[in-house]
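This is final25.cif (mmCIF, C-alpha atoms).
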```cif
data_upload
#
loop_
_atom_site.label_atom_id
_atom_site.label_comp_id
_atom_site.auth_asym_id
_atom_site.auth_seq_id
_atom_site.Cartn_x
_atom_site.Cartn_y
_atom_site.Cartn_z
CA MET A 1 -18.01 -54.97 44.47
CA ASP A 2 -15.16 -55.85 46.81
CA ALA A 3 -13.51 -53.32 49.04
CA PHE A 4 -10.48 -51.52 47.65
CA ASN A 5 -7.44 -52.39 49.70
CA THR A 6 -3.85 -51.81 48.67
CA SER A 7 -0.79 -53.63 49.94
CA MET A 8 1.17 -50.38 49.77
CA THR A 9 1.30 -48.19 52.84
CA LEU A 10 -0.71 -45.07 52.16
CA PRO A 11 0.40 -41.73 53.63
CA PHE A 12 -2.96 -41.46 55.39
CA SER A 13 -5.50 -43.77 56.98
CA TYR A 14 -7.91 -44.28 54.14
CA THR A 15 -10.12 -47.00 52.70
CA PHE A 16 -12.54 -46.63 49.81
CA THR A 17 -15.23 -49.28 50.13
CA ILE A 18 -17.87 -49.39 47.43
CA THR A 19 -21.40 -50.73 47.51
CA SER A 20 -23.99 -50.22 44.80
CA SER A 21 -27.75 -50.50 45.09
CA SER A 22 -27.81 -53.13 42.35
CA SER A 23 -26.26 -56.58 42.57
CA THR A 24 -22.89 -57.00 40.88
CA THR A 25 -21.52 -60.00 39.04
CA SER A 26 -18.00 -60.87 37.98
CA THR A 27 -17.59 -60.91 34.22
CA THR A 28 -14.59 -60.97 31.94
CA HIS A 29 -14.66 -58.94 28.76
CA THR A 30 -12.29 -59.34 25.84
CA ASN A 31 -12.09 -56.11 23.89
CA PRO A 32 -9.61 -55.38 21.11
CA TRP A 33 -9.64 -51.73 22.15
CA MET A 34 -7.96 -52.78 25.41
CA ASP A 35 -5.01 -54.32 23.58
CA VAL A 36 -1.88 -53.64 25.62
CA ARG A 37 0.05 -52.90 22.42
CA ILE A 38 -2.18 -49.85 21.93
CA TRP A 39 -2.28 -48.56 25.49
CA SER A 40 1.41 -49.10 26.17
CA ARG A 41 2.26 -46.60 23.42
CA LEU A 42 0.04 -43.78 24.69
CA PRO A 43 1.97 -40.71 25.86
CA GLU A 44 2.04 -40.30 29.63
CA ARG A 45 0.44 -36.87 29.34
CA LEU A 46 -2.56 -38.39 27.55
CA LEU A 47 -2.86 -41.16 30.13
CA ASP A 48 -2.80 -38.53 32.87
CA ARG A 49 -5.72 -36.75 31.22
CA VAL A 50 -7.70 -39.99 31.19
CA ILE A 51 -6.91 -40.67 34.86
CA ALA A 52 -7.85 -37.11 35.83
CA PHE A 53 -11.41 -37.81 34.70
CA LEU A 54 -11.81 -40.82 37.00
CA PRO A 55 -14.11 -40.46 40.01
CA PRO A 56 -12.24 -40.73 43.34
CA PRO A 57 -12.99 -44.43 44.04
CA ALA A 58 -11.71 -45.45 40.60
CA PHE A 59 -8.65 -43.20 40.98
CA PHE A 60 -7.61 -44.80 44.27
CA ARG A 61 -8.07 -48.27 42.78
CA ALA A 62 -5.96 -47.25 39.76
CA ARG A 63 -3.11 -46.20 42.06
CA SER A 64 -2.38 -49.88 42.73
CA VAL A 65 -1.53 -50.52 39.05
CA CYS A 66 2.06 -49.27 39.09
CA LYS A 67 4.52 -47.03 40.91
CA ARG A 68 3.99 -44.09 38.61
CA TRP A 69 0.23 -44.11 39.02
CA TYR A 70 0.61 -44.51 42.76
CA GLY A 71 2.75 -41.36 42.83
CA LEU A 72 0.28 -39.22 40.86
CA LEU A 73 -1.27 -38.04 44.13
CA TYR A 74 2.04 -36.29 44.93
CA CYS A 75 2.86 -35.11 41.38
CA SER A 76 2.36 -31.35 41.05
CA GLY A 77 2.04 -31.59 37.26
CA PHE A 78 -0.77 -34.14 37.47
CA LEU A 79 -2.57 -32.27 40.26
CA GLU A 80 -2.44 -29.05 38.25
CA LEU A 81 -3.95 -30.91 35.27
CA TYR A 82 -6.53 -32.48 37.58
CA MET A 83 -7.63 -29.08 38.86
CA GLN A 84 -8.11 -27.84 35.30
CA ILE A 85 -10.07 -30.69 33.69
CA SER A 86 -11.47 -32.96 36.39
CA PRO A 87 -15.31 -32.89 36.34
CA ARG A 88 -17.19 -31.76 39.42
CA HIS A 89 -18.86 -34.45 41.47
CA HIS A 90 -22.01 -33.29 43.27
CA TRP A 91 -21.83 -35.82 46.09
CA PHE A 92 -22.97 -35.80 49.71
CA LEU A 93 -21.10 -36.53 52.92
CA PHE A 94 -23.06 -37.99 55.83
CA LEU A 95 -21.90 -38.39 59.40
CA LYS A 96 -23.54 -39.88 62.45
CA HIS A 97 -25.46 -37.12 64.16
CA LYS A 98 -25.06 -36.31 67.83
CA PRO A 99 -27.37 -33.68 69.37
CA LEU A 100 -25.59 -30.50 70.38
CA LYS A 101 -26.65 -30.99 74.01
CA SER A 102 -24.67 -34.23 74.16
CA TYR A 103 -21.48 -32.26 73.55
CA ILE A 104 -22.31 -30.09 76.56
CA TYR A 105 -22.98 -33.11 78.76
CA ARG A 106 -19.74 -34.73 77.59
CA ALA A 107 -17.79 -31.53 78.33
CA ASN A 108 -19.17 -31.50 81.86
CA ASN A 109 -18.18 -35.13 82.43
CA THR A 110 -14.67 -35.34 81.05
CA GLY A 111 -13.24 -36.98 84.13
CA GLY A 112 -14.60 -40.44 83.23
CA GLY A 113 -12.99 -43.40 81.55
CA GLY A 114 -11.29 -41.47 78.77
CA ASP A 115 -13.38 -42.68 75.86
CA ASP A 116 -12.56 -40.80 72.69
CA ASP A 117 -15.52 -40.09 70.46
CA ARG A 118 -13.09 -39.67 67.53
CA THR A 119 -12.04 -43.32 67.73
CA ASN A 120 -13.01 -45.04 64.48
CA CYS A 121 -14.78 -41.86 63.38
CA GLU A 122 -15.92 -42.24 59.82
CA GLY A 123 -18.09 -40.53 57.27
CA TYR A 124 -20.19 -41.91 54.45
CA LEU A 125 -19.99 -40.54 50.92
CA PHE A 126 -23.11 -40.88 48.83
CA ASP A 127 -22.81 -40.79 45.04
CA PRO A 128 -26.23 -39.72 43.65
CA TYR A 129 -25.24 -40.58 40.08
CA ASP A 130 -24.51 -44.26 40.69
CA ILE A 131 -26.59 -44.50 43.90
CA ALA A 132 -23.55 -45.87 45.72
CA TRP A 133 -22.10 -45.49 49.23
CA HIS A 134 -18.41 -45.11 50.11
CA ARG A 135 -16.70 -44.92 53.47
CA LEU A 136 -14.15 -42.32 54.63
CA SER A 137 -12.00 -42.13 57.73
CA PHE A 138 -11.89 -39.01 59.92
CA ASN A 139 -9.50 -40.38 62.54
CA SER A 140 -7.04 -37.58 61.76
CA VAL A 141 -9.46 -35.02 63.20
CA PRO A 142 -8.75 -34.56 66.93
CA SER A 143 -11.42 -35.09 69.55
CA GLY A 144 -13.56 -32.17 70.67
CA PHE A 145 -14.64 -31.06 67.18
CA TYR A 146 -17.89 -31.46 65.25
CA PRO A 147 -18.53 -31.09 61.47
CA ALA A 148 -20.26 -27.83 60.56
CA SER A 149 -19.88 -27.12 56.85
CA SER A 150 -18.15 -28.11 53.63
CA SER A 151 -16.91 -26.42 50.45
CA GLY A 152 -14.31 -26.98 47.75
CA GLY A 153 -13.36 -30.47 48.95
CA LEU A 154 -12.76 -29.28 52.54
CA VAL A 155 -14.83 -30.15 55.60
CA CYS A 156 -15.04 -27.54 58.36
CA TRP A 157 -14.73 -28.87 61.93
CA VAL A 158 -15.51 -26.58 64.88
CA SER A 159 -14.54 -26.99 68.53
CA ASP A 160 -17.48 -27.98 70.70
CA GLU A 161 -16.23 -26.32 73.88
CA ALA A 162 -17.96 -23.10 74.89
CA GLY A 163 -15.75 -20.06 74.30
CA THR A 164 -13.70 -18.80 71.37
CA LYS A 165 -14.01 -21.27 68.53
CA ASN A 166 -11.16 -23.21 66.95
CA ILE A 167 -11.85 -24.16 63.33
CA MET A 168 -10.12 -26.81 61.23
CA LEU A 169 -10.37 -27.47 57.49
CA PHE A 170 -9.88 -31.12 56.56
CA ASN A 171 -9.58 -32.84 53.18
CA PRO A 172 -10.56 -36.46 53.93
CA LEU A 173 -9.28 -37.81 50.60
CA VAL A 174 -5.65 -36.84 51.21
CA GLY A 175 -5.70 -36.38 54.98
CA SER A 176 -4.60 -32.72 55.01
CA LEU A 177 -5.61 -30.76 58.11
CA SER A 178 -5.23 -26.99 58.53
CA GLN A 179 -6.28 -24.80 61.43
CA LEU A 180 -7.63 -21.25 61.32
CA PRO A 181 -6.89 -18.68 64.02
CA PRO A 182 -9.46 -18.85 66.87
CA THR A 183 -12.47 -16.55 66.71
CA LEU A 184 -12.44 -13.40 68.81
CA ARG A 185 -15.79 -13.72 70.57
CA PRO A 186 -16.79 -16.57 72.89
CA ARG A 187 -19.72 -18.59 71.55
CA LEU A 188 -21.56 -21.81 72.21
CA PHE A 189 -22.85 -23.46 69.00
CA PRO A 190 -22.94 -20.75 66.30
CA SER A 191 -23.94 -21.10 62.67
CA ILE A 192 -20.97 -21.63 60.37
CA GLY A 193 -20.67 -20.57 56.74
CA LEU A 194 -17.78 -21.73 54.55
CA THR A 195 -16.99 -21.05 50.89
CA VAL A 196 -13.74 -22.14 49.25
CA SER A 197 -12.71 -21.11 45.74
CA PRO A 198 -9.45 -21.97 43.93
CA THR A 199 -7.95 -18.70 45.20
CA SER A 200 -9.74 -17.78 48.46
CA ILE A 201 -11.24 -19.01 51.71
CA ASP A 202 -14.15 -17.28 53.49
CA VAL A 203 -15.62 -18.33 56.84
CA THR A 204 -18.51 -16.64 58.65
CA VAL A 205 -19.43 -17.40 62.27
CA ALA A 206 -22.77 -16.02 63.46
CA GLY A 207 -24.84 -16.06 66.63
CA ASP A 208 -24.75 -17.75 70.03
CA ASP A 209 -22.63 -15.03 71.65
CA MET A 210 -21.95 -15.86 75.28
CA ILE A 211 -22.70 -12.60 77.05
CA SER A 212 -22.75 -14.29 80.47
CA PRO A 213 -22.09 -17.80 81.80
CA TYR A 214 -25.84 -18.48 81.81
CA ALA A 215 -27.04 -16.68 78.70
CA VAL A 216 -26.56 -17.30 75.00
CA LYS A 217 -27.76 -14.65 72.57
CA ASN A 218 -27.75 -14.23 68.82
CA LEU A 219 -25.92 -10.92 68.62
CA SER A 220 -22.97 -10.74 66.29
CA THR A 221 -21.12 -12.06 63.25
CA GLU A 222 -17.41 -12.28 62.57
CA SER A 223 -15.77 -13.21 59.28
CA PHE A 224 -12.46 -14.63 58.13
CA HIS A 225 -11.05 -14.04 54.62
CA ILE A 226 -7.79 -14.88 52.88
CA ASP A 227 -6.96 -14.95 49.17
CA ALA A 228 -4.07 -15.54 46.79
CA GLY A 229 -3.84 -11.81 46.08
CA GLY A 230 -2.34 -11.25 49.52
CA PHE A 231 -5.44 -9.75 51.15
CA TYR A 232 -6.56 -11.24 54.42
CA SER A 233 -8.90 -10.35 57.26
CA ILE A 234 -8.57 -12.48 60.39
CA TRP A 235 -11.99 -12.16 62.01
CA GLY A 236 -11.78 -8.46 61.28
CA ALA A 237 -15.23 -7.92 59.73
CA THR A 238 -17.92 -7.94 62.40
CA SER A 239 -21.59 -7.05 62.20
CA SER A 240 -24.77 -7.38 64.25
CA LEU A 241 -27.59 -9.76 63.48
CA PRO A 242 -31.07 -8.31 62.89
CA ARG A 243 -33.00 -7.47 66.05
CA LEU A 244 -35.36 -10.06 67.53
CA CYS A 245 -34.01 -12.84 65.33
CA SER A 246 -33.95 -16.43 66.54
CA LEU A 247 -31.07 -18.03 64.68
CA GLU A 248 -30.91 -21.77 65.29
CA SER A 249 -27.43 -23.24 65.62
CA GLY A 250 -26.43 -24.83 62.36
CA ARG A 251 -24.74 -24.30 59.03
CA MET A 252 -25.30 -21.60 56.45
CA VAL A 253 -25.89 -21.92 52.71
CA TYR A 254 -23.71 -19.96 50.28
CA VAL A 255 -25.26 -18.61 47.07
CA ASP A 256 -23.96 -15.77 44.90
CA SER A 257 -21.71 -13.97 47.44
CA LYS A 258 -24.24 -14.29 50.28
CA PHE A 259 -24.72 -16.64 53.21
CA TYR A 260 -28.28 -17.65 54.09
CA CYS A 261 -29.75 -19.28 57.19
CA MET A 262 -33.19 -19.86 58.69
CA ASN A 263 -34.75 -17.60 61.29
CA TYR A 264 -37.38 -19.05 63.62
CA SER A 265 -40.50 -17.78 65.42
CA PRO A 266 -41.81 -16.82 62.93
CA PHE A 267 -40.02 -18.39 60.01
CA SER A 268 -38.00 -16.14 57.74
CA VAL A 269 -34.66 -16.24 55.94
CA LEU A 270 -31.62 -14.25 57.05
CA ALA A 271 -29.13 -13.17 54.37
CA TYR A 272 -25.58 -11.99 55.03
CA ASP A 273 -23.92 -9.98 52.25
CA MET A 274 -20.17 -10.53 52.69
CA ALA A 275 -19.13 -7.57 50.54
CA ALA A 276 -21.41 -5.10 52.35
CA ASN A 277 -20.93 -6.81 55.74
CA LYS A 278 -24.65 -6.48 56.32
CA TRP A 279 -27.59 -8.69 57.30
CA SER A 280 -31.10 -8.55 55.86
CA LYS A 281 -34.31 -10.48 56.42
CA ILE A 282 -36.40 -12.15 53.69
CA GLN A 283 -39.96 -13.24 54.35
CA SER A 284 -40.48 -16.93 53.68
CA PRO A 285 -43.51 -18.28 51.77
CA MET A 286 -46.44 -19.64 53.81
CA ARG A 287 -44.40 -19.01 56.95
CA ARG A 288 -47.22 -19.79 59.40
CA PHE A 289 -47.79 -23.24 57.92
CA LEU A 290 -44.24 -24.52 57.44
CA ARG A 291 -42.69 -27.48 59.23
CA SER A 292 -39.00 -28.43 59.23
CA PRO A 293 -38.00 -25.68 56.80
CA GLY A 294 -34.47 -25.88 55.44
CA LEU A 295 -32.34 -23.99 52.95
CA VAL A 296 -30.26 -25.68 50.25
CA GLU A 297 -28.21 -24.56 47.28
CA SER A 298 -29.10 -26.08 43.94
CA ARG A 299 -27.57 -25.10 40.58
CA GLY A 300 -26.64 -21.65 41.86
CA LYS A 301 -30.08 -20.93 43.33
CA LEU A 302 -31.33 -20.77 46.92
CA VAL A 303 -34.10 -23.32 47.50
CA LEU A 304 -36.39 -23.57 50.52
CA VAL A 305 -37.60 -27.09 51.37
CA ALA A 306 -40.44 -27.51 53.87
CA ALA A 307 -43.55 -29.46 54.71
CA VAL A 308 -46.81 -27.50 54.48
CA GLU A 309 -49.57 -28.22 56.96
CA LYS A 310 -52.78 -26.21 56.78
CA SER A 311 -55.14 -28.52 58.63
CA LYS A 312 -57.98 -26.00 58.93
CA LEU A 313 -57.96 -25.09 55.26
CA ASN A 314 -58.78 -27.10 52.18
CA VAL A 315 -55.10 -27.51 51.25
CA PRO A 316 -53.54 -31.00 51.31
CA LYS A 317 -50.46 -31.60 53.38
CA SER A 318 -47.39 -31.75 51.20
CA LEU A 319 -43.66 -31.22 50.93
CA ARG A 320 -42.75 -28.32 48.66
CA LEU A 321 -39.74 -26.58 47.17
CA TRP A 322 -39.50 -22.85 46.50
CA SER A 323 -36.73 -21.01 44.65
CA LEU A 324 -35.64 -17.47 45.55
CA GLN A 325 -35.80 -15.26 42.47
CA ASP A 326 -33.08 -12.88 41.31
CA CYS A 327 -34.81 -9.90 42.93
CA GLY A 328 -33.94 -11.44 46.30
CA THR A 329 -37.39 -11.12 47.88
CA THR A 330 -39.79 -13.29 45.85
CA TRP A 331 -40.22 -17.06 46.11
CA VAL A 332 -41.63 -19.29 43.36
CA GLU A 333 -42.77 -22.85 43.99
CA ILE A 334 -40.79 -25.18 41.74
CA GLU A 335 -41.79 -28.66 42.91
CA ARG A 336 -44.23 -30.55 45.10
CA MET A 337 -43.69 -34.11 46.27
CA PRO A 338 -46.26 -36.51 44.76
CA LEU A 339 -49.08 -37.11 47.21
CA GLN A 340 -48.68 -40.89 47.38
CA LEU A 341 -44.96 -40.58 48.04
CA TYR A 342 -45.60 -37.90 50.66
CA MET A 343 -47.98 -40.23 52.50
CA GLN A 344 -45.22 -42.85 52.69
CA PHE A 345 -42.71 -40.22 53.75
CA ALA A 346 -45.01 -38.78 56.44
CA GLN A 347 -45.67 -42.23 57.87
CA LEU A 348 -41.95 -42.92 58.27
CA GLU A 349 -41.22 -39.42 59.51
CA GLY A 350 -43.93 -39.56 62.20
CA GLY A 351 -43.72 -35.84 62.94
CA ASN A 352 -40.05 -36.04 64.03
CA GLY A 353 -38.94 -33.65 61.31
CA PHE A 354 -36.39 -33.87 58.54
CA ASP A 355 -33.27 -32.15 57.23
CA SER A 356 -32.46 -31.13 53.69
CA VAL A 357 -29.18 -30.70 51.85
CA GLY A 358 -28.68 -29.80 48.19
CA HIS A 359 -25.77 -30.06 45.76
CA GLY A 360 -25.90 -29.37 42.05
CA GLU A 361 -29.02 -30.92 40.56
CA PHE A 362 -29.70 -33.11 43.61
CA ILE A 363 -31.52 -32.56 46.90
CA VAL A 364 -31.45 -35.11 49.72
CA ILE A 365 -34.12 -35.13 52.45
CA MET A 366 -33.17 -37.19 55.53
CA ILE A 367 -35.70 -38.15 58.21
CA ARG A 368 -34.49 -37.21 61.69
CA GLY A 369 -33.76 -40.07 64.05
CA THR A 370 -33.20 -42.50 61.16
CA ASP A 371 -30.88 -43.24 58.27
CA LYS A 372 -33.74 -43.08 55.75
CA GLY A 373 -33.93 -40.42 53.08
CA LEU A 374 -35.21 -39.36 49.68
CA LEU A 375 -33.23 -38.16 46.67
CA PHE A 376 -34.75 -35.61 44.30
CA ASP A 377 -33.23 -34.94 40.88
CA ILE A 378 -34.30 -31.44 39.87
CA CYS A 379 -33.34 -31.87 36.20
CA ARG A 380 -35.23 -35.13 35.73
CA LYS A 381 -38.00 -34.29 38.21
CA ARG A 382 -37.48 -37.71 39.75
CA TRP A 383 -37.93 -38.80 43.38
CA GLN A 384 -36.46 -42.01 44.77
CA TRP A 385 -35.67 -43.60 48.12
CA ILE A 386 -32.00 -43.79 49.00
CA PRO A 387 -30.79 -47.33 49.76
CA ALA A 388 -29.63 -47.84 53.33
CA CYS A 389 -25.96 -47.19 54.00
CA PRO A 390 -24.40 -50.66 54.36
CA TYR A 391 -21.78 -49.48 56.87
CA LEU A 392 -24.23 -48.42 59.56
CA GLY A 393 -25.27 -50.49 62.53
CA CYS A 394 -27.04 -49.58 65.73
CA ASP A 395 -25.62 -47.29 68.37
CA ASN A 396 -24.68 -48.40 71.88
CA ASN A 397 -28.31 -48.19 72.99
CA GLY A 398 -29.51 -50.44 70.20
CA GLU A 399 -31.28 -47.58 68.43
CA ASP A 400 -31.08 -46.67 64.76
CA VAL A 401 -28.29 -44.30 63.78
CA GLU A 402 -29.23 -40.84 62.55
CA LEU A 403 -27.34 -39.33 59.64
CA ARG A 404 -26.86 -35.63 58.90
CA GLY A 405 -25.48 -34.56 55.55
CA LEU A 406 -23.30 -31.94 53.92
CA ALA A 407 -22.88 -31.08 50.26
CA TYR A 408 -19.43 -32.41 49.44
CA GLU A 409 -17.29 -32.23 46.31
CA PRO A 410 -14.43 -34.76 46.59
CA ARG A 411 -11.16 -33.17 45.49
CA LEU A 412 -7.69 -34.71 45.34
CA ALA A 413 -6.07 -31.29 45.57
CA THR A 414 -7.00 -28.12 47.44
CA PRO A 415 -3.92 -25.88 46.96
CA VAL A 416 -5.70 -22.85 48.40
CA ILE A 417 -5.16 -24.40 51.82
CA SER A 418 -1.47 -23.45 51.54
CA LEU A 419 -2.51 -19.83 52.16
CA LEU A 420 -3.08 -20.76 55.81
CA SER A 421 0.55 -21.90 56.28
#
```

Would you encode the structure as structure tokens?
Amino acid sequence: MDAFNTSMTLPFSYTFTITSSSSTTSTTHTNPWMDVRIWSRLPERLLDRVIAFLPPPAFFRARSVCKRWYGLLYCSGFLELYMQISPRHHWFLFLKHKPLKSYIYRANNTGGGGDDDRTNCEGYLFDPYDIAWHRLSFNSVPSGFYPASSSGGLVCWVSDEAGTKNIMLFNPLVGSLSQLPPTLRPRLFPSIGLTVSPTSIDVTVAGDDMISPYAVKNLSTESFHIDAGGFYSIWGATSSLPRLCSLESGRMVYVDSKFYCMNYSPFSVLAYDMAANKWSKIQSPMRRFLRSPGLVESRGKLVLVAAVEKSKLNVPKSLRLWSLQDCGTTWVEIERMPLQLYMQFAQLEGGNGFDSVGHGEFIVIMIRGTDKGLLFDICRKRWQWIPACPYLGCDNNGEDVELRGLAYEPRLATPVISLLS
């Protein structure tokens, strides 16, 4: 399918390019149901309801039909209707991964030639329903920020400089960019939790407190909250992390009013209850035999994805999924990758590890150091390899590009962002 390009000047730098895993052919269909004499008499309100159900790529193509459709993106009546009836799309957003250390090295060598890592910055949307890739521009995001989390159609970007953190919320579909007040405590690369509802925004920043120029410790948490009811807390809620925890820098997973993240050495799960402003620790299953454990949200449940390696016992190596039960302490195994598929996966992975991200009924497992990954459909119990992203090449060193993903729900409108004005 050809790229979608419009001759009209869009209010933001944006191109929706579509590629499907299957070959496409040009065909012309003659259908009496598409008779213009029928469609031209439909009320505008009914047409708007039809358009509101279109997935984002189809919507942006439809905007080139006429002036009125082009202006729907700025029509408050249509956007209100869209928010009410538009179906949720459990998609994924992937960006080229750069190790956290590289940000430190870049910060220490800013006097050089002035290259801007934001130049031509782009992300890659993956549609697990149609197994299709789309491309998004992130050129509106200033340099010095890295993607940390996503919720409600917004992508959270965090400043990579050591110190108090500046946080931006960006909607890549419409190009809106809003900035939160800076955090109160200086940090290096903390874990970031974000949850956005139609009426509220919550952000939690945890760990990597800089208690001296040469020491980084996982000590504290600070939270930001604002809602349509007029209540707000600007980094006012603070709490301490559990003692002796080893919280790796990364994102958190939000499930049922709690943020979850992995604790290392030994493996366990840390849970932050926003209402109680309190942390707790949950023992992970088979914690001494896990490799590359990761937490994902799937259909309102917390799921732990990890490889199991018990070489000295009569248990085959495998990749397994566990679901946290309602009691909050018990895990139940819900799926195990087929052995033959795991052998293929392990050969490609080569012990480098993998990262997991979940959204709705889908879980994506990406092999570190590559752009290769697996898609698991929990409802259908189906595993399949994800086709390579057609927009990726090699980096400047000629090596394969590594992708890291976020759960992303594309939204044309995120009115809650106006609370930050």

Expand the PyMOL selection byres ((chain A and resi 325) around 12) into the individual residues it matches in the shown file, reporting them as a PyMOL selection string. chain A and resi 255+282+300-304+322-324+326-334

Convert the current residue selection to file output with C-alpha atoms, as a short mmCIF file (atom, residue, chain, number, x, y, z; two decimals), keeping the file's coordinate frame.
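Written file, part_27.cif:
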```
data_model
loop_
_atom_site.label_atom_id
_atom_site.label_comp_id
_atom_site.auth_asym_id
_atom_site.auth_seq_id
_atom_site.Cartn_x
_atom_site.Cartn_y
_atom_site.Cartn_z
CA VAL A 255 -25.26 -18.61 47.07
CA ILE A 282 -36.40 -12.15 53.69
CA GLY A 300 -26.64 -21.65 41.86
CA LYS A 301 -30.08 -20.93 43.33
CA LEU A 302 -31.33 -20.77 46.92
CA VAL A 303 -34.10 -23.32 47.50
CA LEU A 304 -36.39 -23.57 50.52
CA TRP A 322 -39.50 -22.85 46.50
CA SER A 323 -36.73 -21.01 44.65
CA LEU A 324 -35.64 -17.47 45.55
CA ASP A 326 -33.08 -12.88 41.31
CA CYS A 327 -34.81 -9.90 42.93
CA GLY A 328 -33.94 -11.44 46.30
CA THR A 329 -37.39 -11.12 47.88
CA THR A 330 -39.79 -13.29 45.85
CA TRP A 331 -40.22 -17.06 46.11
CA VAL A 332 -41.63 -19.29 43.36
CA GLU A 333 -42.77 -22.85 43.99
CA ILE A 334 -40.79 -25.18 41.74
#
```

May I ask which of the residues A:Met337, A:Leu188, A:Ile367, A:Val158 is the closest one to A:Glu349, counting all atoms listed in the file?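 Smallest distance to A:Glu349 is found for A:Ile367.
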
Please determine, counting only C-alpha atoms, which residue among A:Asp227, A:Glu335, A:Glu402, A:Glu361 has the shortest atom-to-atom distance to A:Trp91. A:Glu361

Can you measure atom CA of A:Pro242 to atom CA of A:Asn352 for me? One decimal in Å is fine.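 Atom CA of A:Asn352 lies 29.2 Å from atom CA of A:Pro242.
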
Find the spatial neighbours of A:Pro410, counting all atoms listed in the file, within a cut-off of 9 Å - ignore same-chain residues fewer than 5 positions away - and output them as a ChimeraX atom specification. /A:55-56,88-91,152-154,171-173

For the residues in that selection, give me C-alpha atoms as a PDB file, keeping the file's coordinate frame.
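result18.pdb, freshly written:
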```pdb
ATOM      1  CA  PRO A  55     -14.110 -40.460  40.010  1.00  0.00           C
ATOM      2  CA  PRO A  56     -12.240 -40.730  43.340  1.00  0.00           C
ATOM      3  CA  ARG A  88     -17.190 -31.760  39.420  1.00  0.00           C
ATOM      4  CA  HIS A  89     -18.860 -34.450  41.470  1.00  0.00           C
ATOM      5  CA  HIS A  90     -22.010 -33.290  43.270  1.00  0.00           C
ATOM      6  CA  TRP A  91     -21.830 -35.820  46.090  1.00  0.00           C
ATOM      7  CA  GLY A 152     -14.310 -26.980  47.750  1.00  0.00           C
ATOM      8  CA  GLY A 153     -13.360 -30.470  48.950  1.00  0.00           C
ATOM      9  CA  LEU A 154     -12.760 -29.280  52.540  1.00  0.00           C
ATOM     10  CA  ASN A 171      -9.580 -32.840  53.180  1.00  0.00           C
ATOM     11  CA  PRO A 172     -10.560 -36.460  53.930  1.00  0.00           C
ATOM     12  CA  LEU A 173      -9.280 -37.810  50.600  1.00  0.00           C
TER      13      LEU A 173
END
```

Quick one: which residues end up in the PyMOL selection byres ((chain A and resi 377-389) around 8) for this structure, as a list in words? Ser21, Tyr124, Ile131, Trp133, Met337, Glu361, Phe362, Ile363, Asp371, Lys372, Gly373, Leu374, Leu375, Phe376, Pro390, Tyr391 and Leu392 of chain A

With distances taken over only C-alpha atoms, the candidate from A:Gly163, A:Gly250, A:Gly175, A:Gly77 nearest A:Ser191 is A:Gly250

Near A:Ser212, within 12 Å and counting all atoms listed in the file, which residues show up once chain neighbours fewer than 2 positions away are dropped, as a list in words?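 Skipping anything fewer than 2 positions along the chain leaves Ala162, Gly163, Pro186, Arg187, Leu188, Asp208, Asp209, Met210, Tyr214, Ala215, Val216 and Lys217 of chain A.
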
Could you write out as number ranges by chain the residues that the PyMOL selection byres ((chain A and resi 83) around 12) matches in the shown file? A: 49, 52-53, 76-82, 84-88, 152-153, 197-198, 410-416

Using C-alpha atoms, can you write the selected residues to a file as a PDB file, keeping the file's coordinate frame?
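So the final result, stored in again-v4.pdb, reads:
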```
ATOM      1  CA  ARG A  49      -5.720 -36.750  31.220  1.00  0.00           C
ATOM      2  CA  ALA A  52      -7.850 -37.110  35.830  1.00  0.00           C
ATOM      3  CA  PHE A  53     -11.410 -37.810  34.700  1.00  0.00           C
ATOM      4  CA  SER A  76       2.360 -31.350  41.050  1.00  0.00           C
ATOM      5  CA  GLY A  77       2.040 -31.590  37.260  1.00  0.00           C
ATOM      6  CA  PHE A  78      -0.770 -34.140  37.470  1.00  0.00           C
ATOM      7  CA  LEU A  79      -2.570 -32.270  40.260  1.00  0.00           C
ATOM      8  CA  GLU A  80      -2.440 -29.050  38.250  1.00  0.00           C
ATOM      9  CA  LEU A  81      -3.950 -30.910  35.270  1.00  0.00           C
ATOM     10  CA  TYR A  82      -6.530 -32.480  37.580  1.00  0.00           C
ATOM     11  CA  GLN A  84      -8.110 -27.840  35.300  1.00  0.00           C
ATOM     12  CA  ILE A  85     -10.070 -30.690  33.690  1.00  0.00           C
ATOM     13  CA  SER A  86     -11.470 -32.960  36.390  1.00  0.00           C
ATOM     14  CA  PRO A  87     -15.310 -32.890  36.340  1.00  0.00           C
ATOM     15  CA  ARG A  88     -17.190 -31.760  39.420  1.00  0.00           C
ATOM     16  CA  GLY A 152     -14.310 -26.980  47.750  1.00  0.00           C
ATOM     17  CA  GLY A 153     -13.360 -30.470  48.950  1.00  0.00           C
ATOM     18  CA  SER A 197     -12.710 -21.110  45.740  1.00  0.00           C
ATOM     19  CA  PRO A 198      -9.450 -21.970  43.930  1.00  0.00           C
ATOM     20  CA  PRO A 410     -14.430 -34.760  46.590  1.00  0.00           C
ATOM     21  CA  ARG A 411     -11.160 -33.170  45.490  1.00  0.00           C
ATOM     22  CA  LEU A 412      -7.690 -34.710  45.340  1.00  0.00           C
ATOM     23  CA  ALA A 413      -6.070 -31.290  45.570  1.00  0.00           C
ATOM     24  CA  THR A 414      -7.000 -28.120  47.440  1.00  0.00           C
ATOM     25  CA  PRO A 415      -3.920 -25.880  46.960  1.00  0.00           C
ATOM     26  CA  VAL A 416      -5.700 -22.850  48.400  1.00  0.00           C
TER      27      VAL A 416
END
```

Record the distance separating atom CA of A:Ile211 and atom CA of A:Trp235, expressed in Å with one decimal.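 About the pair atom CA of A:Ile211 and atom CA of A:Trp235: they are 18.5 Å apart.
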